[in-house]
Number of protein chains: 2
Amino acid sequence: MSLHPLRKQIEEIVKLTDDEFTFVLEHFHKKVYKKHQIVLHEGDYAQFDFFVIKGLMRVTRLDSEGKEHILQFGMENSWVTDGESYHHKTASLLTIDCLEETEVLSLTLENKEKLIKELQKMQIFLLKKTINEHIVLQKRILCFLSNNANDRYHNILSLSPSLIQRVPKSMIASYLGVTRETLSRLSKSKLKM
Amino acid sequence: MSLHPLRKQIEEIVKLTDDEFTFVLEHFHKKVYKKHQIVLHEGDYAQFDFFVIKGLMRVTRLDSEGKEHILQFGMENSWVTDGESYHHKTASLLTIDCLEETEVLSLTLENKEKLIKELQKMQIFLLKKTINEHIVLQKRILCFLSNNANDRYHNILSLSPSLIQRVPKSMIASYLGVTRETLSRLSKSKLKM
DNA sequence: TCAAATTTTTGACATATGTCCTCTTAATTG
DNA sequence: CAATTAAGAGGACATATGTCAAAAATTTGA
């Protein structure tokens, strides 16, 4: 019998009883979005934090020249939102859409705050989860600081090999901060090594 | 009468009584480090999370070619540590040193965990603080994705004008991910605009 | 205050990456 | 299945950034 993916993630940090997990789940809403569906438009307020059960989401930002940059991919077991808009209730600068049909559990800020008040364990979980995400972001910054495009590409190849199978290389390029042409040429120089 | 800087930061998120703040402070140790002193060596375990009262710290990483990259500056009211080493008790890949004589309050992981168990408000503070730091890191990543060196430089100029006064430009260059020569040339192209 | 050390600037050139374009192939959809 | 769209590769050239060496400016310390 397989554990619910959300429960599995929570229990990597704090153990829950069946009743507690049922209680947790009551704060979420299950939703299914279609491929290409936009779940957060730039300028809107991010109402939800999404836990991805199945599928693939993408968080993007348009720059001043109209170019799109990918800040994050959200695969199974990832959490996806615009943190600034969600927590500070401001207009979002980001867009979130689905690259595949995507099933999520959505959590409003209200329900998140209710949940952490009612169940102390969830506050511990959220703190540790946020700390772990912080570590991941720091590593991504270090990757920008100390690696060229080729190294960043190989880095993501080894960190998320499955992602490369699921999204076009032009999106990987956007995530890495290079053009698709540059990425296309890197695949060669890699072979030389 | 001026509020203790740590208390001020905490109370931007949760209110504390005098007794509560005294209790919080008991979990910290005050330390003063000399200019150039290294407070975390690469390979060591990060024993402390530092809250900077006065002075300036720097978090760096050596890449595979021996080049140094600056991940973070920690001025007054900043928190500085290697999160991965501190929370996962692993050997640090980072080095932390002081660019000025620096006075800090240091917090061991043990004391942090004691504190959040004993005082629920501190858990809320730490969660919100971590969320805010997360937002800052995401913005830095977006800055790498969508801006060239010139724009990144002007970005930090407007975000942290005081930092520019306190550290050599070569360190700003390292923080921005460019060479000092490139940064030096940018200061010109800026004037053209 | 002066000499030494550090930091910044500059030049000449090399390399990495971006831009615009075309062509081919693969994927999607009606 | 056919028609359309999207993705990937590649050429030719432009621009941004890095490298190395040296000079100029600034800071530091005796």
# chains A, B, ... in the order shown; residues from 1 in each chain; ligands from 1
>>> select_by_dssp(residues="range 33-193 of chain B", states="strand (DSSP E or B)", output="number ranges by chain")
B: 33, 38-40, 45, 48-54, 57-62, 68-74, 79-80, 91, 94-98, 102-108
>>> write_last_selection(atoms="N, CA and C atoms", output="short mmCIF file (atom, residue, chain, number, x, y, z; two decimals), in the first residue's frame")
data_model
loop_
_atom_site.label_atom_id
_atom_site.label_comp_id
_atom_site.auth_asym_id
_atom_site.auth_seq_id
_atom_site.Cartn_x
_atom_site.Cartn_y
_atom_site.Cartn_z
N TYR B 33 34.67 39.49 16.37
CA TYR B 33 35.73 38.95 15.52
C TYR B 33 36.52 40.10 14.92
N ILE B 38 38.66 34.50 10.00
CA ILE B 38 37.80 33.50 9.37
C ILE B 38 36.97 32.82 10.44
N VAL B 39 35.65 32.85 10.28
CA VAL B 39 34.80 32.28 11.32
C VAL B 39 34.23 30.93 10.92
N LEU B 40 34.35 30.59 9.64
CA LEU B 40 34.03 29.22 9.20
C LEU B 40 35.00 28.86 8.09
N TYR B 45 32.46 22.08 10.08
CA TYR B 45 31.02 22.07 10.27
C TYR B 45 30.60 23.44 10.79
N PHE B 48 27.51 27.60 13.99
CA PHE B 48 26.69 28.74 14.40
C PHE B 48 25.94 29.40 13.26
N ASP B 49 24.79 29.94 13.62
CA ASP B 49 24.11 30.90 12.76
C ASP B 49 24.42 32.26 13.41
N PHE B 50 24.93 33.20 12.62
CA PHE B 50 25.33 34.49 13.18
C PHE B 50 24.32 35.57 12.85
N PHE B 51 23.94 36.33 13.86
CA PHE B 51 23.18 37.56 13.64
C PHE B 51 24.16 38.71 13.79
N VAL B 52 24.32 39.50 12.74
CA VAL B 52 25.34 40.55 12.75
C VAL B 52 24.81 41.81 13.42
N ILE B 53 25.46 42.17 14.52
CA ILE B 53 25.09 43.38 15.26
C ILE B 53 25.79 44.59 14.63
N LYS B 54 27.09 44.39 14.36
CA LYS B 54 27.90 45.51 13.85
C LYS B 54 29.05 44.91 13.05
N MET B 57 30.33 40.67 7.32
CA MET B 57 30.86 39.34 7.02
C MET B 57 30.68 39.03 5.55
N ARG B 58 31.36 37.97 5.14
CA ARG B 58 31.33 37.60 3.73
C ARG B 58 31.33 36.08 3.64
N VAL B 59 30.47 35.55 2.77
CA VAL B 59 30.40 34.10 2.56
C VAL B 59 30.92 33.80 1.17
N THR B 60 31.95 32.97 1.08
CA THR B 60 32.56 32.72 -0.23
C THR B 60 32.67 31.23 -0.53
N ARG B 61 32.90 30.95 -1.81
CA ARG B 61 33.09 29.58 -2.26
C ARG B 61 34.24 29.57 -3.24
N LEU B 62 35.13 28.63 -3.10
CA LEU B 62 36.21 28.43 -4.07
C LEU B 62 35.71 27.47 -5.14
N GLU B 68 37.56 32.53 -6.34
CA GLU B 68 36.68 32.78 -5.20
C GLU B 68 35.42 33.51 -5.65
N HIS B 69 34.27 33.04 -5.18
CA HIS B 69 33.01 33.68 -5.53
C HIS B 69 32.28 34.07 -4.25
N ILE B 70 31.72 35.26 -4.26
CA ILE B 70 31.02 35.74 -3.06
C ILE B 70 29.53 35.44 -3.16
N LEU B 71 29.08 34.62 -2.24
CA LEU B 71 27.67 34.21 -2.23
C LEU B 71 26.82 35.23 -1.49
N GLN B 72 27.40 35.81 -0.45
CA GLN B 72 26.59 36.70 0.40
C GLN B 72 27.48 37.67 1.16
N PHE B 73 26.98 38.89 1.34
CA PHE B 73 27.55 39.81 2.31
C PHE B 73 26.59 39.86 3.50
N GLY B 74 27.14 39.91 4.69
CA GLY B 74 26.28 40.02 5.86
C GLY B 74 26.56 41.29 6.63
N TRP B 79 21.61 37.69 8.83
CA TRP B 79 21.93 36.38 9.37
C TRP B 79 22.90 35.71 8.42
N VAL B 80 23.95 35.13 8.98
CA VAL B 80 25.00 34.54 8.15
C VAL B 80 25.37 33.15 8.67
N ALA B 91 30.10 18.75 6.14
CA ALA B 91 31.29 19.58 5.96
C ALA B 91 30.94 20.75 5.05
N LEU B 94 31.74 26.22 2.06
CA LEU B 94 31.87 27.67 2.06
C LEU B 94 32.85 28.14 3.12
N THR B 95 33.31 29.36 2.94
CA THR B 95 34.16 30.01 3.93
C THR B 95 33.45 31.29 4.36
N ILE B 96 33.51 31.60 5.64
CA ILE B 96 32.93 32.86 6.11
C ILE B 96 34.03 33.65 6.81
N ASP B 97 34.23 34.89 6.39
CA ASP B 97 35.21 35.73 7.06
C ASP B 97 34.65 37.13 7.28
N CYS B 98 35.41 37.94 7.98
CA CYS B 98 34.96 39.28 8.34
C CYS B 98 35.72 40.32 7.54
N THR B 102 33.80 42.65 13.52
CA THR B 102 32.38 42.31 13.47
C THR B 102 31.90 41.74 14.80
N GLU B 103 30.79 42.32 15.26
CA GLU B 103 30.17 41.85 16.50
C GLU B 103 28.91 41.08 16.13
N VAL B 104 28.80 39.86 16.66
CA VAL B 104 27.66 39.01 16.30
C VAL B 104 27.01 38.42 17.54
N LEU B 105 25.80 37.94 17.33
CA LEU B 105 25.20 37.01 18.28
C LEU B 105 25.17 35.66 17.60
N SER B 106 25.78 34.66 18.21
CA SER B 106 25.84 33.35 17.56
C SER B 106 24.85 32.41 18.21
N LEU B 107 24.29 31.53 17.38
CA LEU B 107 23.25 30.61 17.83
C LEU B 107 23.59 29.22 17.34
N THR B 108 23.76 28.29 18.25
CA THR B 108 24.00 26.91 17.81
C THR B 108 22.68 26.30 17.35
#
>>> closest_atom_pairs(of="chain D", to="chain B", cutoff="12 Å", atoms="only C-alpha atoms (C1' of nucleotides)", output="JSON lines")
{"residue": "D:DT15", "atom": "C1'", "partner": "B:Asn148", "partner_atom": "CA", "distance": 11.7}
{"residue": "D:DA16", "atom": "C1'", "partner": "B:Asn148", "partner_atom": "CA", "distance": 8.6}
{"residue": "D:DT17", "atom": "C1'", "partner": "B:Thr182", "partner_atom": "CA", "distance": 6.7}
{"residue": "D:DG18", "atom": "C1'", "partner": "B:Thr179", "partner_atom": "CA", "distance": 7.3}
{"residue": "D:DT19", "atom": "C1'", "partner": "B:Glu181", "partner_atom": "CA", "distance": 9.8}
{"residue": "D:DC20", "atom": "C1'", "partner": "B:Glu181", "partner_atom": "CA", "distance": 11.2}
{"residue": "D:DT26", "atom": "C1'", "partner": "B:Pro168", "partner_atom": "CA", "distance": 11.1}
{"residue": "D:DT27", "atom": "C1'", "partner": "B:Pro168", "partner_atom": "CA", "distance": 11.0}
>>> closest_residue(among="B:Arg185, B:Arg180, B:His134, B:Arg152", to="chain A", atoms="only C-alpha atoms")
B:His134
>>> calpha_fit_and_write(fixed="chain A", moving="chain B", output="short mmCIF file (atom, residue, chain, number, x, y, z; two decimals) with C-alpha atoms, in the first residue's frame")
data_model
loop_
_atom_site.label_atom_id
_atom_site.label_comp_id
_atom_site.auth_asym_id
_atom_site.auth_seq_id
_atom_site.Cartn_x
_atom_site.Cartn_y
_atom_site.Cartn_z
CA MET B 1 -0.05 0.03 -0.04
CA SER B 2 1.53 3.25 -1.12
CA LEU B 3 1.67 6.34 1.02
CA HIS B 4 0.08 9.55 -0.21
CA PRO B 5 2.88 11.61 -1.78
CA LEU B 6 2.21 14.60 0.46
CA ARG B 7 2.23 12.40 3.53
CA LYS B 8 5.46 10.81 2.38
CA GLN B 9 7.10 14.22 2.04
CA ILE B 10 5.87 15.42 5.41
CA GLU B 11 6.93 12.24 7.15
CA GLU B 12 10.46 12.62 5.93
CA ILE B 13 10.53 15.43 8.50
CA VAL B 14 7.81 14.76 11.11
CA LYS B 15 5.74 11.65 11.77
CA LEU B 16 1.95 11.90 11.53
CA THR B 17 -0.90 9.70 12.67
CA ASP B 18 -3.58 8.77 10.15
CA ASP B 19 -5.96 11.22 11.79
CA GLU B 20 -3.44 14.00 11.67
CA PHE B 21 -2.79 13.47 7.99
CA THR B 22 -6.53 13.39 7.25
CA PHE B 23 -6.77 16.68 9.12
CA VAL B 24 -3.90 18.13 7.11
CA LEU B 25 -5.49 17.09 3.84
CA GLU B 26 -8.72 18.86 4.73
CA HIS B 27 -6.89 22.15 4.33
CA PHE B 28 -6.02 21.42 0.71
CA HIS B 29 -8.13 21.31 -2.42
CA LYS B 30 -7.45 18.87 -5.19
CA LYS B 31 -7.41 20.36 -8.69
CA VAL B 32 -6.55 19.17 -12.16
CA TYR B 33 -5.28 21.61 -14.75
CA LYS B 34 -4.99 21.04 -18.46
CA LYS B 35 -1.77 21.18 -20.41
CA HIS B 36 -0.94 24.82 -21.25
CA GLN B 37 -3.37 26.12 -18.68
CA ILE B 38 -2.19 29.22 -16.85
CA VAL B 39 -2.75 28.95 -13.11
CA LEU B 40 -1.27 32.32 -12.15
CA HIS B 41 -1.29 35.33 -14.46
CA GLU B 42 1.24 38.14 -14.08
CA GLY B 43 -0.40 40.94 -12.14
CA ASP B 44 -2.77 38.67 -10.24
CA TYR B 45 -2.41 37.74 -6.61
CA ALA B 46 -1.08 34.24 -5.98
CA GLN B 47 -3.97 32.70 -4.08
CA PHE B 48 -2.46 29.24 -3.75
CA ASP B 49 0.63 27.30 -2.92
CA PHE B 50 0.52 24.17 -5.10
CA PHE B 51 1.81 20.74 -4.17
CA VAL B 52 2.25 18.83 -7.42
CA ILE B 53 0.85 15.31 -7.30
CA LYS B 54 1.24 14.52 -10.99
CA GLY B 55 2.36 16.58 -13.96
CA LEU B 56 4.66 19.50 -14.51
CA MET B 57 4.34 23.22 -13.84
CA ARG B 58 6.56 26.08 -14.84
CA VAL B 59 7.20 29.47 -13.21
CA THR B 60 8.29 32.20 -15.60
CA ARG B 61 9.08 35.89 -15.67
CA LEU B 62 8.94 38.28 -18.61
CA ASP B 63 11.85 40.72 -18.64
CA SER B 64 11.76 44.32 -19.80
CA GLU B 65 12.53 43.25 -23.36
CA GLY B 66 9.67 40.76 -23.45
CA LYS B 67 11.90 37.71 -23.11
CA GLU B 68 10.67 34.85 -20.98
CA HIS B 69 12.85 33.33 -18.27
CA ILE B 70 12.11 30.14 -16.40
CA LEU B 71 12.60 30.48 -12.67
CA GLN B 72 11.40 27.04 -11.66
CA PHE B 73 10.02 23.74 -12.89
CA GLY B 74 7.61 22.00 -10.57
CA MET B 75 7.50 18.24 -11.03
CA GLU B 76 5.85 15.65 -8.81
CA ASN B 77 6.32 16.40 -5.08
CA SER B 78 7.39 19.98 -5.73
CA TRP B 79 5.78 23.07 -4.25
CA VAL B 80 4.99 25.86 -6.67
CA THR B 81 3.83 29.42 -6.14
CA ASP B 82 5.05 33.00 -6.33
CA GLY B 83 6.22 33.30 -2.75
CA GLU B 84 6.31 37.05 -2.72
CA SER B 85 2.80 37.47 -4.09
CA TYR B 86 1.43 34.66 -1.95
CA HIS B 87 2.91 35.74 1.36
CA HIS B 88 2.87 39.50 0.92
CA LYS B 89 -0.42 39.61 -1.00
CA THR B 90 1.11 41.67 -3.78
CA ALA B 91 0.59 41.60 -7.54
CA SER B 92 2.62 38.79 -9.05
CA LEU B 93 5.50 39.47 -11.43
CA LEU B 94 5.51 35.80 -12.36
CA THR B 95 3.37 33.52 -14.47
CA ILE B 96 2.71 29.89 -13.64
CA ASP B 97 1.49 27.45 -16.27
CA CYS B 98 1.31 23.72 -16.85
CA LEU B 99 3.58 21.95 -19.30
CA GLU B 100 1.54 18.76 -18.90
CA GLU B 101 -1.87 17.95 -17.51
CA THR B 102 -1.22 18.56 -13.83
CA GLU B 103 -2.90 17.39 -10.66
CA VAL B 104 -2.21 19.47 -7.56
CA LEU B 105 -3.23 20.03 -4.00
CA SER B 106 -3.73 23.74 -3.52
CA LEU B 107 -3.39 25.55 -0.21
CA THR B 108 -4.56 29.09 0.46
CA LEU B 109 -2.52 31.29 2.78
CA GLU B 110 -5.46 31.36 5.17
CA ASN B 111 -5.54 27.59 5.36
CA LYS B 112 -1.78 27.37 5.70
CA GLU B 113 -1.87 29.71 8.67
CA LYS B 114 -4.79 27.85 10.20
CA LEU B 115 -2.95 24.60 9.74
CA ILE B 116 0.27 25.68 11.40
CA LYS B 117 -1.67 27.09 14.33
CA GLU B 118 -3.69 23.92 14.76
CA LEU B 119 -0.93 21.41 14.17
CA GLN B 120 2.49 22.32 15.52
CA LYS B 121 4.12 19.53 13.55
CA MET B 122 3.17 21.22 10.31
CA GLN B 123 4.97 24.35 11.35
CA ILE B 124 8.10 22.32 11.90
CA PHE B 125 7.62 20.65 8.54
CA LEU B 126 7.16 23.96 6.75
CA LEU B 127 10.17 25.54 8.44
CA LYS B 128 12.44 22.65 7.49
CA LYS B 129 11.03 22.46 3.99
CA THR B 130 11.64 26.18 3.51
CA ILE B 131 15.18 25.83 4.84
CA ASN B 132 15.84 23.03 2.38
CA GLU B 133 14.49 25.07 -0.52
CA HIS B 134 16.75 27.90 0.62
CA ILE B 135 19.76 25.62 0.36
CA VAL B 136 18.72 24.60 -3.16
CA LEU B 137 18.41 28.22 -4.27
CA GLN B 138 21.83 29.07 -2.84
CA LYS B 139 23.32 26.24 -4.83
CA ARG B 140 21.69 27.54 -7.98
CA ILE B 141 23.19 30.97 -7.32
CA LEU B 142 26.61 29.43 -6.75
CA CYS B 143 26.15 27.62 -10.03
CA PHE B 144 25.60 30.94 -11.80
CA LEU B 145 28.59 32.46 -10.04
CA SER B 146 31.12 29.77 -10.70
CA ASN B 147 30.07 27.91 -13.82
CA ASN B 148 29.74 28.69 -17.48
CA ALA B 149 26.75 27.58 -19.55
CA ASN B 150 28.31 24.23 -20.34
CA ASP B 151 28.93 23.37 -16.70
CA ARG B 152 25.48 24.57 -15.68
CA TYR B 153 23.98 22.31 -18.31
CA HIS B 154 25.87 19.27 -17.11
CA ASN B 155 24.95 20.18 -13.59
CA ILE B 156 21.23 20.06 -14.35
CA LEU B 157 21.74 16.93 -16.44
CA SER B 158 23.03 15.14 -13.38
CA LEU B 159 20.64 16.76 -10.89
CA SER B 160 17.42 16.32 -12.89
CA PRO B 161 17.96 13.82 -15.69
CA SER B 162 14.24 13.12 -15.85
CA LEU B 163 13.40 16.78 -16.42
CA ILE B 164 15.46 16.79 -19.61
CA GLN B 165 13.22 14.05 -20.99
CA ARG B 166 10.05 15.98 -20.28
CA VAL B 167 10.70 19.52 -21.49
CA PRO B 168 12.10 20.94 -24.73
CA LYS B 169 15.72 21.96 -24.61
CA SER B 170 14.76 25.54 -25.31
CA MET B 171 13.17 25.60 -21.85
CA ILE B 172 16.24 24.10 -20.26
CA ALA B 173 18.18 26.89 -21.93
CA SER B 174 15.82 29.47 -20.47
CA TYR B 175 16.19 27.92 -17.02
CA LEU B 176 19.97 28.05 -17.36
CA GLY B 177 19.99 31.64 -18.56
CA VAL B 178 21.27 31.06 -22.09
CA THR B 179 19.72 31.05 -25.55
CA ARG B 180 18.59 27.81 -27.12
CA GLU B 181 21.23 28.25 -29.82
CA THR B 182 23.98 28.38 -27.23
CA LEU B 183 22.64 25.31 -25.45
CA SER B 184 22.43 23.46 -28.74
CA ARG B 185 26.11 24.14 -29.37
CA LEU B 186 27.09 23.00 -25.89
CA SER B 187 25.86 19.49 -26.47
CA LYS B 188 28.80 19.19 -28.85
CA SER B 189 31.60 20.59 -26.75
CA LYS B 190 30.40 18.16 -24.10
CA LEU B 191 31.20 15.23 -26.35
CA LYS B 192 34.76 16.39 -26.80
CA MET B 193 35.48 15.83 -23.13
#
>>> atom_distance(atom1="C1' of DA6 in chain D", atom2="C1' of DA27 in chain C")
7.1 Å
>>> interface_residues(of="chain C", to="chain B", cutoff="12 Å", atoms="only C-alpha atoms (C1' of nucleotides)", output="CSV table (one decimal) with C-alpha atoms (C1' of nucleotides), in the first residue's frame")
chain,number,residue,atom,x,y,z
C,6,DT,C1',46.2,47.1,-2.5
C,7,DT,C1',42.7,48.4,-5.7
C,8,DT,C1',41.2,50.2,-9.9
C,9,DT,C1',41.6,51.3,-14.6
C,10,DT,C1',43.1,50.5,-19.3
C,11,DG,C1',44.7,48.2,-23.6
C,17,DT,C1',27.5,33.8,-25.8
C,18,DG,C1',23.7,36.3,-28.4
>>> closest_atom_pairs(of="chain D", to="range 19-25 of chain C", cutoff="12 Å", atoms="only C-alpha atoms (C1' of nucleotides)", output="tab-separated table")
residue	atom	partner	partner_atom	distance
D:DA6	C1'	C:DT25	C1'	10.5
D:DA7	C1'	C:DT25	C1'	8.3
D:DG8	C1'	C:DT25	C1'	7.9
D:DA9	C1'	C:DT24	C1'	8.2
D:DG10	C1'	C:DC23	C1'	8.8
D:DG11	C1'	C:DC21	C1'	8.6
D:DA12	C1'	C:DC21	C1'	9.0
D:DC13	C1'	C:DT19	C1'	8.7
D:DA14	C1'	C:DT19	C1'	7.5
D:DT15	C1'	C:DT19	C1'	9.3
